Amino acid sequence: MPKTALDAPQVISMLQEVCQAIIAAEPLLTDADRALGDGDHGLGMQRGMTAALEKLGALDPESTGIDKAFSTLGMAMMSTMGGASGALFGTLFRNGGKAIAGNSHFGTAELAELLKVGLEGVMSRGGAKPGDKTMIDALHPAAEKALEEAAAGSPFAEAINAVAAAGEAGRDASENLIATMGRAKTLGEKSLGKPDAGACSVAIILRTMAEFSAK
Ligand code: ADP
Ligand code: MG
């Protein structure tokens, strides 16, 4: 049965599935960063998500707020990953989580708020804009779609599925961008034809959230 909104124990379970999906995607993320960067993105994400799994597992699902579940993921990534993406993905989930503090359920409105505030945090911390060929190129269209779905009052499982599709389309479109931020920028036009590694991670995270919500 598609879920209408997630309570805190469900959010924790969803994020544990996200961690597992990223850990399993390590080879793909490594290849993506090897093509355009220094090749450490897969192992960095794997390290962050392994630490996060442990921290999420230590939370008491009955007394943890949904905001705390997301910020726990963010803090674990920030403190264990290093590199650009540790700070940036950490900011996404920590800031995004804080923005939904006090809400008991994670539904379409919370998804939109989390992505909007998370995206703002990543943009102000990293200085990249849409089109620079970074994780923003998956995150920005996903956040825009989430705001649209929230304004339309879409049911949660449907909304998060549309958001994941927007993230995947953004990841795919990043293939046709020339990198102007991050390590790939030194490649110039040679960065064409491959997706950005961080955008691949964003797409996997959102798709895993959508799959959890559809069950
Ligand atoms: P590093 O670049 O330090 O090796 P990672 O390999 O873990 O870090 O992550 C690389 C990813 O981080 C890139 O694919 C890109 O999506 C993202 N990234 C790098 N710099 C920025 C930035 N300034 N703003 C947004 N995202 C960035
Ligand atoms: Mg790297």
# chains A, B, ... in the order shown; residues from 1 in each chain; ligands from 1
>>> residues_near_ligand(ligand="ligand 1", cutoff="9 Å", atoms="only C-alpha atoms and all ligand atoms", output="PDB file with N, CA, C and O atoms, in the first residue's frame")
ATOM      1  N   LEU A  29      29.263   4.792  -8.189  1.00  0.00           N
ATOM      2  CA  LEU A  29      29.650   6.150  -7.779  1.00  0.00           C
ATOM      3  C   LEU A  29      31.159   6.345  -7.912  1.00  0.00           C
ATOM      4  O   LEU A  29      31.631   7.425  -8.276  1.00  0.00           O
ATOM      5  N   THR A  30      31.902   5.285  -7.638  1.00  0.00           N
ATOM      6  CA  THR A  30      33.362   5.351  -7.812  1.00  0.00           C
ATOM      7  C   THR A  30      33.689   5.595  -9.285  1.00  0.00           C
ATOM      8  O   THR A  30      34.503   6.466  -9.608  1.00  0.00           O
ATOM      9  N   ALA A  32      31.810   6.932 -11.577  1.00  0.00           N
ATOM     10  CA  ALA A  32      31.374   8.267 -11.994  1.00  0.00           C
ATOM     11  C   ALA A  32      32.406   9.316 -11.572  1.00  0.00           C
ATOM     12  O   ALA A  32      32.767  10.201 -12.349  1.00  0.00           O
ATOM     13  N   ASP A  33      32.900   9.211 -10.340  1.00  0.00           N
ATOM     14  CA  ASP A  33      33.871  10.208  -9.867  1.00  0.00           C
ATOM     15  C   ASP A  33      35.251   9.967 -10.480  1.00  0.00           C
ATOM     16  O   ASP A  33      36.039  10.904 -10.639  1.00  0.00           O
ATOM     17  N   ARG A  34      35.531   8.710 -10.874  1.00  0.00           N
ATOM     18  CA  ARG A  34      36.820   8.444 -11.512  1.00  0.00           C
ATOM     19  C   ARG A  34      36.852   9.103 -12.897  1.00  0.00           C
ATOM     20  O   ARG A  34      37.882   9.588 -13.334  1.00  0.00           O
ATOM     21  N   LEU A  36      35.390  11.867 -13.860  1.00  0.00           N
ATOM     22  CA  LEU A  36      35.408  13.339 -13.878  1.00  0.00           C
ATOM     23  C   LEU A  36      36.122  13.958 -12.682  1.00  0.00           C
ATOM     24  O   LEU A  36      36.364  15.160 -12.660  1.00  0.00           O
ATOM     25  N   GLY A  37      36.431  13.165 -11.684  1.00  0.00           N
ATOM     26  CA  GLY A  37      37.022  13.730 -10.460  1.00  0.00           C
ATOM     27  C   GLY A  37      38.220  12.907 -10.034  1.00  0.00           C
ATOM     28  O   GLY A  37      39.033  12.513 -10.860  1.00  0.00           O
ATOM     29  N   ASP A  38      38.288  12.582  -8.737  1.00  0.00           N
ATOM     30  CA  ASP A  38      39.447  11.837  -8.226  1.00  0.00           C
ATOM     31  C   ASP A  38      39.085  10.421  -7.796  1.00  0.00           C
ATOM     32  O   ASP A  38      39.923   9.706  -7.251  1.00  0.00           O
ATOM     33  N   GLY A  39      37.828  10.015  -8.014  1.00  0.00           N
ATOM     34  CA  GLY A  39      37.465   8.619  -7.790  1.00  0.00           C
ATOM     35  C   GLY A  39      37.110   8.238  -6.367  1.00  0.00           C
ATOM     36  O   GLY A  39      36.874   7.064  -6.093  1.00  0.00           O
ATOM     37  N   ASP A  40      37.039   9.222  -5.462  1.00  0.00           N
ATOM     38  CA  ASP A  40      36.802   8.854  -4.059  1.00  0.00           C
ATOM     39  C   ASP A  40      35.339   8.989  -3.616  1.00  0.00           C
ATOM     40  O   ASP A  40      35.020   8.718  -2.458  1.00  0.00           O
ATOM     41  N   HIS A  41      34.472   9.404  -4.517  1.00  0.00           N
ATOM     42  CA  HIS A  41      33.091   9.685  -4.094  1.00  0.00           C
ATOM     43  C   HIS A  41      32.369   8.434  -3.586  1.00  0.00           C
ATOM     44  O   HIS A  41      31.659   8.494  -2.579  1.00  0.00           O
ATOM     45  N   GLY A  42      32.551   7.304  -4.298  1.00  0.00           N
ATOM     46  CA  GLY A  42      31.868   6.072  -3.891  1.00  0.00           C
ATOM     47  C   GLY A  42      32.283   5.624  -2.506  1.00  0.00           C
ATOM     48  O   GLY A  42      31.439   5.303  -1.655  1.00  0.00           O
ATOM     49  N   LEU A  43      33.585   5.612  -2.256  1.00  0.00           N
ATOM     50  CA  LEU A  43      34.062   5.158  -0.937  1.00  0.00           C
ATOM     51  C   LEU A  43      33.703   6.157   0.153  1.00  0.00           C
ATOM     52  O   LEU A  43      33.392   5.770   1.278  1.00  0.00           O
ATOM     53  N   GLY A  44      33.731   7.441  -0.193  1.00  0.00           N
ATOM     54  CA  GLY A  44      33.341   8.467   0.784  1.00  0.00           C
ATOM     55  C   GLY A  44      31.882   8.302   1.180  1.00  0.00           C
ATOM     56  O   GLY A  44      31.540   8.287   2.376  1.00  0.00           O
ATOM     57  N   MET A  45      31.023   8.162   0.196  1.00  0.00           N
ATOM     58  CA  MET A  45      29.592   7.988   0.479  1.00  0.00           C
ATOM     59  C   MET A  45      29.366   6.694   1.256  1.00  0.00           C
ATOM     60  O   MET A  45      28.552   6.636   2.177  1.00  0.00           O
ATOM     61  N   MET A  81      32.897  11.655   6.365  1.00  0.00           N
ATOM     62  CA  MET A  81      33.234  11.522   4.949  1.00  0.00           C
ATOM     63  C   MET A  81      34.411  12.351   4.468  1.00  0.00           C
ATOM     64  O   MET A  81      35.184  11.907   3.638  1.00  0.00           O
ATOM     65  N   GLY A  82      34.506  13.576   4.947  1.00  0.00           N
ATOM     66  CA  GLY A  82      35.513  14.475   4.373  1.00  0.00           C
ATOM     67  C   GLY A  82      35.166  14.795   2.932  1.00  0.00           C
ATOM     68  O   GLY A  82      34.117  14.381   2.441  1.00  0.00           O
ATOM     69  N   GLY A  83      36.039  15.509   2.237  1.00  0.00           N
ATOM     70  CA  GLY A  83      35.789  15.867   0.838  1.00  0.00           C
ATOM     71  C   GLY A  83      34.647  16.854   0.720  1.00  0.00           C
ATOM     72  O   GLY A  83      33.978  17.189   1.698  1.00  0.00           O
ATOM     73  N   ALA A  84      34.437  17.305  -0.507  1.00  0.00           N
ATOM     74  CA  ALA A  84      33.364  18.273  -0.754  1.00  0.00           C
ATOM     75  C   ALA A  84      32.021  17.661  -0.371  1.00  0.00           C
ATOM     76  O   ALA A  84      31.186  18.307   0.264  1.00  0.00           O
ATOM     77  N   SER A  85      31.828  16.405  -0.732  1.00  0.00           N
ATOM     78  CA  SER A  85      30.484  15.864  -0.571  1.00  0.00           C
ATOM     79  C   SER A  85      30.125  15.581   0.880  1.00  0.00           C
ATOM     80  O   SER A  85      28.940  15.584   1.213  1.00  0.00           O
ATOM     81  N   GLY A  86      31.101  15.349   1.755  1.00  0.00           N
ATOM     82  CA  GLY A  86      30.773  15.167   3.174  1.00  0.00           C
ATOM     83  C   GLY A  86      30.091  16.402   3.726  1.00  0.00           C
ATOM     84  O   GLY A  86      29.026  16.330   4.351  1.00  0.00           O
ATOM     85  N   LEU A  88      28.726  18.820   1.971  1.00  0.00           N
ATOM     86  CA  LEU A  88      27.538  19.237   1.213  1.00  0.00           C
ATOM     87  C   LEU A  88      26.339  18.318   1.456  1.00  0.00           C
ATOM     88  O   LEU A  88      25.235  18.792   1.704  1.00  0.00           O
ATOM     89  N   PHE A  89      26.541  17.005   1.387  1.00  0.00           N
ATOM     90  CA  PHE A  89      25.424  16.097   1.692  1.00  0.00           C
ATOM     91  C   PHE A  89      25.056  16.197   3.170  1.00  0.00           C
ATOM     92  O   PHE A  89      23.891  16.085   3.539  1.00  0.00           O
ATOM     93  N   VAL A 122      23.100  23.720   0.637  1.00  0.00           N
ATOM     94  CA  VAL A 122      24.168  23.214  -0.237  1.00  0.00           C
ATOM     95  C   VAL A 122      24.662  24.340  -1.150  1.00  0.00           C
ATOM     96  O   VAL A 122      25.874  24.500  -1.356  1.00  0.00           O
ATOM     97  N   MET A 123      23.733  25.152  -1.661  1.00  0.00           N
ATOM     98  CA  MET A 123      24.143  26.229  -2.567  1.00  0.00           C
ATOM     99  C   MET A 123      24.933  27.295  -1.837  1.00  0.00           C
ATOM    100  O   MET A 123      25.911  27.822  -2.374  1.00  0.00           O
ATOM    101  N   SER A 124      24.538  27.600  -0.601  1.00  0.00           N
ATOM    102  CA  SER A 124      25.289  28.662   0.077  1.00  0.00           C
ATOM    103  C   SER A 124      26.619  28.134   0.595  1.00  0.00           C
ATOM    104  O   SER A 124      27.619  28.850   0.585  1.00  0.00           O
ATOM    105  N   ARG A 125      26.665  26.865   0.960  1.00  0.00           N
ATOM    106  CA  ARG A 125      27.940  26.315   1.451  1.00  0.00           C
ATOM    107  C   ARG A 125      28.932  26.079   0.302  1.00  0.00           C
ATOM    108  O   ARG A 125      30.129  26.338   0.433  1.00  0.00           O
ATOM    109  N   GLY A 126      28.441  25.547  -0.833  1.00  0.00           N
ATOM    110  CA  GLY A 126      29.355  25.171  -1.913  1.00  0.00           C
ATOM    111  C   GLY A 126      29.506  26.220  -2.999  1.00  0.00           C
ATOM    112  O   GLY A 126      30.459  26.171  -3.780  1.00  0.00           O
ATOM    113  N   GLY A 127      28.564  27.131  -3.079  1.00  0.00           N
ATOM    114  CA  GLY A 127      28.660  28.213  -4.072  1.00  0.00           C
ATOM    115  C   GLY A 127      28.290  27.811  -5.483  1.00  0.00           C
ATOM    116  O   GLY A 127      28.417  28.624  -6.403  1.00  0.00           O
ATOM    117  N   ALA A 128      27.815  26.578  -5.696  1.00  0.00           N
ATOM    118  CA  ALA A 128      27.448  26.166  -7.058  1.00  0.00           C
ATOM    119  C   ALA A 128      26.001  26.545  -7.354  1.00  0.00           C
ATOM    120  O   ALA A 128      25.178  26.665  -6.445  1.00  0.00           O
ATOM    121  N   LYS A 129      25.722  26.737  -8.636  1.00  0.00           N
ATOM    122  CA  LYS A 129      24.378  27.044  -9.099  1.00  0.00           C
ATOM    123  C   LYS A 129      23.945  25.932 -10.054  1.00  0.00           C
ATOM    124  O   LYS A 129      24.786  25.172 -10.544  1.00  0.00           O
ATOM    125  N   ASP A 132      26.187  24.034 -13.155  1.00  0.00           N
ATOM    126  CA  ASP A 132      27.638  23.907 -12.932  1.00  0.00           C
ATOM    127  C   ASP A 132      28.112  22.452 -12.984  1.00  0.00           C
ATOM    128  O   ASP A 132      29.294  22.176 -12.813  1.00  0.00           O
ATOM    129  N   LYS A 133      27.193  21.533 -13.173  1.00  0.00           N
ATOM    130  CA  LYS A 133      27.486  20.096 -13.207  1.00  0.00           C
ATOM    131  C   LYS A 133      27.951  19.587 -11.848  1.00  0.00           C
ATOM    132  O   LYS A 133      29.079  19.117 -11.670  1.00  0.00           O
ATOM    133  N   THR A 134      27.045  19.714 -10.887  1.00  0.00           N
ATOM    134  CA  THR A 134      27.286  19.183  -9.540  1.00  0.00           C
ATOM    135  C   THR A 134      26.007  18.474  -9.075  1.00  0.00           C
ATOM    136  O   THR A 134      25.024  18.393  -9.820  1.00  0.00           O
ATOM    137  N   MET A 135      26.018  18.049  -7.825  1.00  0.00           N
ATOM    138  CA  MET A 135      24.826  17.444  -7.209  1.00  0.00           C
ATOM    139  C   MET A 135      23.602  18.348  -7.294  1.00  0.00           C
ATOM    140  O   MET A 135      22.466  17.878  -7.280  1.00  0.00           O
ATOM    141  N   ILE A 136      23.853  19.680  -7.388  1.00  0.00           N
ATOM    142  CA  ILE A 136      22.751  20.647  -7.505  1.00  0.00           C
ATOM    143  C   ILE A 136      21.894  20.357  -8.743  1.00  0.00           C
ATOM    144  O   ILE A 136      20.695  20.629  -8.746  1.00  0.00           O
ATOM    145  N   ASP A 137      22.514  19.801  -9.768  1.00  0.00           N
ATOM    146  CA  ASP A 137      21.768  19.587 -11.019  1.00  0.00           C
ATOM    147  C   ASP A 137      20.748  18.453 -10.901  1.00  0.00           C
ATOM    148  O   ASP A 137      19.847  18.348 -11.734  1.00  0.00           O
ATOM    149  N   ALA A 138      20.852  17.625  -9.892  1.00  0.00           N
ATOM    150  CA  ALA A 138      19.772  16.677  -9.581  1.00  0.00           C
ATOM    151  C   ALA A 138      18.880  17.231  -8.468  1.00  0.00           C
ATOM    152  O   ALA A 138      17.659  17.065  -8.493  1.00  0.00           O
ATOM    153  N   MET A 181      32.366  23.827 -11.657  1.00  0.00           N
ATOM    154  CA  MET A 181      32.631  23.813 -10.208  1.00  0.00           C
ATOM    155  C   MET A 181      33.234  22.459  -9.870  1.00  0.00           C
ATOM    156  O   MET A 181      33.093  21.500 -10.624  1.00  0.00           O
ATOM    157  N   GLY A 182      33.838  22.364  -8.683  1.00  0.00           N
ATOM    158  CA  GLY A 182      34.377  21.076  -8.235  1.00  0.00           C
ATOM    159  C   GLY A 182      35.600  20.679  -9.053  1.00  0.00           C
ATOM    160  O   GLY A 182      36.088  21.428  -9.906  1.00  0.00           O
ATOM    161  N   ARG A 183      36.072  19.462  -8.786  1.00  0.00           N
ATOM    162  CA  ARG A 183      37.315  19.007  -9.440  1.00  0.00           C
ATOM    163  C   ARG A 183      37.183  18.895 -10.948  1.00  0.00           C
ATOM    164  O   ARG A 183      38.167  19.014 -11.677  1.00  0.00           O
ATOM    165  N   ALA A 184      35.957  18.588 -11.433  1.00  0.00           N
ATOM    166  CA  ALA A 184      35.761  18.334 -12.861  1.00  0.00           C
ATOM    167  C   ALA A 184      35.931  19.592 -13.703  1.00  0.00           C
ATOM    168  O   ALA A 184      36.046  19.499 -14.927  1.00  0.00           O
ATOM    169  N   PRO A 195      27.668  11.713 -16.439  1.00  0.00           N
ATOM    170  CA  PRO A 195      26.900  12.404 -15.395  1.00  0.00           C
ATOM    171  C   PRO A 195      27.803  12.782 -14.219  1.00  0.00           C
ATOM    172  O   PRO A 195      28.846  12.168 -14.011  1.00  0.00           O
ATOM    173  N   ASP A 196      27.387  13.755 -13.449  1.00  0.00           N
ATOM    174  CA  ASP A 196      28.127  14.128 -12.243  1.00  0.00           C
ATOM    175  C   ASP A 196      27.915  13.077 -11.145  1.00  0.00           C
ATOM    176  O   ASP A 196      26.804  12.589 -10.943  1.00  0.00           O
ATOM    177  N   ALA A 197      28.980  12.747 -10.432  1.00  0.00           N
ATOM    178  CA  ALA A 197      28.907  11.701  -9.398  1.00  0.00           C
ATOM    179  C   ALA A 197      27.938  12.071  -8.267  1.00  0.00           C
ATOM    180  O   ALA A 197      27.128  11.244  -7.827  1.00  0.00           O
ATOM    181  N   GLY A 198      28.012  13.295  -7.801  1.00  0.00           N
ATOM    182  CA  GLY A 198      27.120  13.723  -6.709  1.00  0.00           C
ATOM    183  C   GLY A 198      25.657  13.715  -7.151  1.00  0.00           C
ATOM    184  O   GLY A 198      24.758  13.396  -6.363  1.00  0.00           O
ATOM    185  N   ALA A 199      25.425  14.057  -8.417  1.00  0.00           N
ATOM    186  CA  ALA A 199      24.053  14.012  -8.954  1.00  0.00           C
ATOM    187  C   ALA A 199      23.560  12.565  -8.997  1.00  0.00           C
ATOM    188  O   ALA A 199      22.380  12.293  -8.759  1.00  0.00           O
ATOM    189  N   CYS A 200      24.478  11.625  -9.276  1.00  0.00           N
ATOM    190  CA  CYS A 200      24.108  10.197  -9.249  1.00  0.00           C
ATOM    191  C   CYS A 200      23.689   9.810  -7.832  1.00  0.00           C
ATOM    192  O   CYS A 200      22.692   9.104  -7.639  1.00  0.00           O
ATOM    193  N   SER A 201      24.431  10.268  -6.834  1.00  0.00           N
ATOM    194  CA  SER A 201      24.067   9.952  -5.442  1.00  0.00           C
ATOM    195  C   SER A 201      22.697  10.520  -5.080  1.00  0.00           C
ATOM    196  O   SER A 201      21.873   9.839  -4.465  1.00  0.00           O
ATOM    197  N   VAL A 202      22.460  11.764  -5.465  1.00  0.00           N
ATOM    198  CA  VAL A 202      21.153  12.390  -5.169  1.00  0.00           C
ATOM    199  C   VAL A 202      20.028  11.560  -5.779  1.00  0.00           C
ATOM    200  O   VAL A 202      19.008  11.280  -5.132  1.00  0.00           O
TER     201      VAL A 202
END
>>> residues_around(residues="Arg47 of chain A", least_positions_apart="6", cutoff="9 Å", atoms="only C-alpha atoms", output="list in words")
Ile23, Met77, Thr80 and Met81 of chain A
>>> residues_around(residues="segment 165-167 of chain A", least_positions_apart="2", cutoff="10 Å", atoms="only C-alpha atoms", output="PDB file with N, CA, C and O atoms, in the first residue's frame")
ATOM      1  N   MET A 135      26.018  18.049  -7.825  1.00  0.00           N
ATOM      2  CA  MET A 135      24.826  17.444  -7.209  1.00  0.00           C
ATOM      3  C   MET A 135      23.602  18.348  -7.294  1.00  0.00           C
ATOM      4  O   MET A 135      22.466  17.878  -7.280  1.00  0.00           O
ATOM      5  N   ILE A 136      23.853  19.680  -7.388  1.00  0.00           N
ATOM      6  CA  ILE A 136      22.751  20.647  -7.505  1.00  0.00           C
ATOM      7  C   ILE A 136      21.894  20.357  -8.743  1.00  0.00           C
ATOM      8  O   ILE A 136      20.695  20.629  -8.746  1.00  0.00           O
ATOM      9  N   ASP A 137      22.514  19.801  -9.768  1.00  0.00           N
ATOM     10  CA  ASP A 137      21.768  19.587 -11.019  1.00  0.00           C
ATOM     11  C   ASP A 137      20.748  18.453 -10.901  1.00  0.00           C
ATOM     12  O   ASP A 137      19.847  18.348 -11.734  1.00  0.00           O
ATOM     13  N   ALA A 138      20.852  17.625  -9.892  1.00  0.00           N
ATOM     14  CA  ALA A 138      19.772  16.677  -9.581  1.00  0.00           C
ATOM     15  C   ALA A 138      18.880  17.231  -8.468  1.00  0.00           C
ATOM     16  O   ALA A 138      17.659  17.065  -8.493  1.00  0.00           O
ATOM     17  N   LEU A 139      19.507  17.907  -7.515  1.00  0.00           N
ATOM     18  CA  LEU A 139      18.776  18.378  -6.333  1.00  0.00           C
ATOM     19  C   LEU A 139      17.824  19.539  -6.652  1.00  0.00           C
ATOM     20  O   LEU A 139      16.695  19.591  -6.140  1.00  0.00           O
ATOM     21  N   HIS A 140      18.255  20.457  -7.495  1.00  0.00           N
ATOM     22  CA  HIS A 140      17.431  21.624  -7.800  1.00  0.00           C
ATOM     23  C   HIS A 140      16.126  21.250  -8.501  1.00  0.00           C
ATOM     24  O   HIS A 140      15.041  21.643  -8.047  1.00  0.00           O
ATOM     25  N   PRO A 141      16.169  20.447  -9.590  1.00  0.00           N
ATOM     26  CA  PRO A 141      14.893  20.056 -10.205  1.00  0.00           C
ATOM     27  C   PRO A 141      14.016  19.222  -9.259  1.00  0.00           C
ATOM     28  O   PRO A 141      12.783  19.317  -9.307  1.00  0.00           O
ATOM     29  N   ALA A 142      14.655  18.433  -8.395  1.00  0.00           N
ATOM     30  CA  ALA A 142      13.878  17.634  -7.435  1.00  0.00           C
ATOM     31  C   ALA A 142      13.157  18.546  -6.439  1.00  0.00           C
ATOM     32  O   ALA A 142      11.977  18.343  -6.133  1.00  0.00           O
ATOM     33  N   ALA A 143      13.864  19.563  -5.949  1.00  0.00           N
ATOM     34  CA  ALA A 143      13.260  20.492  -4.984  1.00  0.00           C
ATOM     35  C   ALA A 143      12.139  21.292  -5.638  1.00  0.00           C
ATOM     36  O   ALA A 143      11.077  21.510  -5.034  1.00  0.00           O
ATOM     37  N   GLU A 144      12.356  21.714  -6.881  1.00  0.00           N
ATOM     38  CA  GLU A 144      11.306  22.459  -7.604  1.00  0.00           C
ATOM     39  C   GLU A 144      10.064  21.598  -7.768  1.00  0.00           C
ATOM     40  O   GLU A 144       8.943  22.063  -7.584  1.00  0.00           O
ATOM     41  N   LYS A 145      10.281  20.335  -8.145  1.00  0.00           N
ATOM     42  CA  LYS A 145       9.151  19.418  -8.341  1.00  0.00           C
ATOM     43  C   LYS A 145       8.422  19.201  -7.014  1.00  0.00           C
ATOM     44  O   LYS A 145       7.191  19.183  -6.965  1.00  0.00           O
ATOM     45  N   ALA A 146       9.184  19.083  -5.929  1.00  0.00           N
ATOM     46  CA  ALA A 146       8.566  18.862  -4.618  1.00  0.00           C
ATOM     47  C   ALA A 146       7.684  20.054  -4.231  1.00  0.00           C
ATOM     48  O   ALA A 146       6.580  19.873  -3.693  1.00  0.00           O
ATOM     49  N   ALA A 159       3.903  12.051  -4.966  1.00  0.00           N
ATOM     50  CA  ALA A 159       4.785  13.221  -4.988  1.00  0.00           C
ATOM     51  C   ALA A 159       6.251  12.798  -4.955  1.00  0.00           C
ATOM     52  O   ALA A 159       7.067  13.276  -5.754  1.00  0.00           O
ATOM     53  N   ILE A 160       6.572  11.871  -4.077  1.00  0.00           N
ATOM     54  CA  ILE A 160       7.988  11.501  -3.929  1.00  0.00           C
ATOM     55  C   ILE A 160       8.461  10.730  -5.156  1.00  0.00           C
ATOM     56  O   ILE A 160       9.626  10.827  -5.556  1.00  0.00           O
ATOM     57  N   ASN A 161       7.543  10.031  -5.806  1.00  0.00           N
ATOM     58  CA  ASN A 161       7.902   9.352  -7.049  1.00  0.00           C
ATOM     59  C   ASN A 161       8.220  10.375  -8.148  1.00  0.00           C
ATOM     60  O   ASN A 161       9.210  10.237  -8.883  1.00  0.00           O
ATOM     61  N   ALA A 162       7.416  11.417  -8.228  1.00  0.00           N
ATOM     62  CA  ALA A 162       7.658  12.469  -9.221  1.00  0.00           C
ATOM     63  C   ALA A 162       8.963  13.213  -8.920  1.00  0.00           C
ATOM     64  O   ALA A 162       9.719  13.580  -9.833  1.00  0.00           O
ATOM     65  N   VAL A 163       9.233  13.403  -7.636  1.00  0.00           N
ATOM     66  CA  VAL A 163      10.466  14.083  -7.212  1.00  0.00           C
ATOM     67  C   VAL A 163      11.688  13.234  -7.589  1.00  0.00           C
ATOM     68  O   VAL A 163      12.697  13.747  -8.105  1.00  0.00           O
ATOM     69  N   ALA A 169      16.090  12.724 -13.949  1.00  0.00           N
ATOM     70  CA  ALA A 169      16.190  13.497 -15.203  1.00  0.00           C
ATOM     71  C   ALA A 169      17.312  14.526 -15.074  1.00  0.00           C
ATOM     72  O   ALA A 169      18.067  14.761 -16.034  1.00  0.00           O
ATOM     73  N   GLY A 170      17.443  15.117 -13.882  1.00  0.00           N
ATOM     74  CA  GLY A 170      18.514  16.092 -13.649  1.00  0.00           C
ATOM     75  C   GLY A 170      19.891  15.438 -13.725  1.00  0.00           C
ATOM     76  O   GLY A 170      20.830  15.980 -14.317  1.00  0.00           O
ATOM     77  N   ARG A 171      19.996  14.251 -13.138  1.00  0.00           N
ATOM     78  CA  ARG A 171      21.264  13.499 -13.225  1.00  0.00           C
ATOM     79  C   ARG A 171      21.600  13.216 -14.693  1.00  0.00           C
ATOM     80  O   ARG A 171      22.729  13.438 -15.128  1.00  0.00           O
ATOM     81  N   ASP A 172      20.603  12.741 -15.439  1.00  0.00           N
ATOM     82  CA  ASP A 172      20.847  12.422 -16.856  1.00  0.00           C
ATOM     83  C   ASP A 172      21.251  13.676 -17.632  1.00  0.00           C
ATOM     84  O   ASP A 172      22.158  13.633 -18.463  1.00  0.00           O
ATOM     85  N   ALA A 173      20.568  14.781 -17.347  1.00  0.00           N
ATOM     86  CA  ALA A 173      20.872  16.023 -18.071  1.00  0.00           C
ATOM     87  C   ALA A 173      22.264  16.541 -17.710  1.00  0.00           C
ATOM     88  O   ALA A 173      22.881  17.279 -18.496  1.00  0.00           O
ATOM     89  N   ALA A 199      25.425  14.057  -8.417  1.00  0.00           N
ATOM     90  CA  ALA A 199      24.053  14.012  -8.954  1.00  0.00           C
ATOM     91  C   ALA A 199      23.560  12.565  -8.997  1.00  0.00           C
ATOM     92  O   ALA A 199      22.380  12.293  -8.759  1.00  0.00           O
ATOM     93  N   CYS A 200      24.478  11.625  -9.276  1.00  0.00           N
ATOM     94  CA  CYS A 200      24.108  10.197  -9.249  1.00  0.00           C
ATOM     95  C   CYS A 200      23.689   9.810  -7.832  1.00  0.00           C
ATOM     96  O   CYS A 200      22.692   9.104  -7.639  1.00  0.00           O
ATOM     97  N   SER A 201      24.431  10.268  -6.834  1.00  0.00           N
ATOM     98  CA  SER A 201      24.067   9.952  -5.442  1.00  0.00           C
ATOM     99  C   SER A 201      22.697  10.520  -5.080  1.00  0.00           C
ATOM    100  O   SER A 201      21.873   9.839  -4.465  1.00  0.00           O
ATOM    101  N   VAL A 202      22.460  11.764  -5.465  1.00  0.00           N
ATOM    102  CA  VAL A 202      21.153  12.390  -5.169  1.00  0.00           C
ATOM    103  C   VAL A 202      20.028  11.560  -5.779  1.00  0.00           C
ATOM    104  O   VAL A 202      19.008  11.280  -5.132  1.00  0.00           O
ATOM    105  N   ALA A 203      20.216  11.143  -7.044  1.00  0.00           N
ATOM    106  CA  ALA A 203      19.166  10.380  -7.732  1.00  0.00           C
ATOM    107  C   ALA A 203      18.901   9.054  -7.023  1.00  0.00           C
ATOM    108  O   ALA A 203      17.743   8.646  -6.857  1.00  0.00           O
ATOM    109  N   ILE A 204      19.947   8.388  -6.567  1.00  0.00           N
ATOM    110  CA  ILE A 204      19.772   7.100  -5.870  1.00  0.00           C
ATOM    111  C   ILE A 204      19.055   7.313  -4.532  1.00  0.00           C
ATOM    112  O   ILE A 204      18.160   6.552  -4.160  1.00  0.00           O
ATOM    113  N   ILE A 205      19.437   8.353  -3.825  1.00  0.00           N
ATOM    114  CA  ILE A 205      18.810   8.644  -2.528  1.00  0.00           C
ATOM    115  C   ILE A 205      17.299   8.873  -2.711  1.00  0.00           C
ATOM    116  O   ILE A 205      16.471   8.283  -2.007  1.00  0.00           O
ATOM    117  N   LEU A 206      16.952   9.709  -3.676  1.00  0.00           N
ATOM    118  CA  LEU A 206      15.526  10.038  -3.869  1.00  0.00           C
ATOM    119  C   LEU A 206      14.743   8.831  -4.373  1.00  0.00           C
ATOM    120  O   LEU A 206      13.608   8.591  -3.949  1.00  0.00           O
ATOM    121  N   ARG A 207      15.338   8.053  -5.280  1.00  0.00           N
ATOM    122  CA  ARG A 207      14.634   6.868  -5.794  1.00  0.00           C
ATOM    123  C   ARG A 207      14.396   5.858  -4.669  1.00  0.00           C
ATOM    124  O   ARG A 207      13.335   5.253  -4.584  1.00  0.00           O
ATOM    125  N   ALA A 210      11.525   7.003  -2.637  1.00  0.00           N
ATOM    126  CA  ALA A 210      10.259   6.773  -3.355  1.00  0.00           C
ATOM    127  C   ALA A 210       9.860   5.302  -3.304  1.00  0.00           C
ATOM    128  O   ALA A 210       8.685   4.974  -3.103  1.00  0.00           O
TER     129      ALA A 210
END
>>> closest_residue(among="A:Ala35, A:Ile22, A:Ile12, A:Ala58", to="ligand 2", atoms="only C-alpha atoms and all ligand atoms")
A:Ala35
>>> closest_residue(among="A:Leu187, A:Ala24, A:Ala101, A:Ala76", to="Thr208 of chain A", atoms="only C-alpha atoms")
A:Ala24
>>> closest_residue(among="A:Leu115, A:Glu17, A:Asn103, A:Asp31", to="ligand 2", atoms="only C-alpha atoms and all ligand atoms")
A:Asp31
>>> select_by_dssp(residues="segment 39-180 of chain A", states="helix (DSSP H, G or I)", output="PyMOL selection string")
chain A and resi 41-58+66-80+83-99+108-126+136-151+156-176
>>> atom_distance(atom1="atom CA of Asn95 of chain A", atom2="atom CA of Gly131 of chain A")
22.6 Å
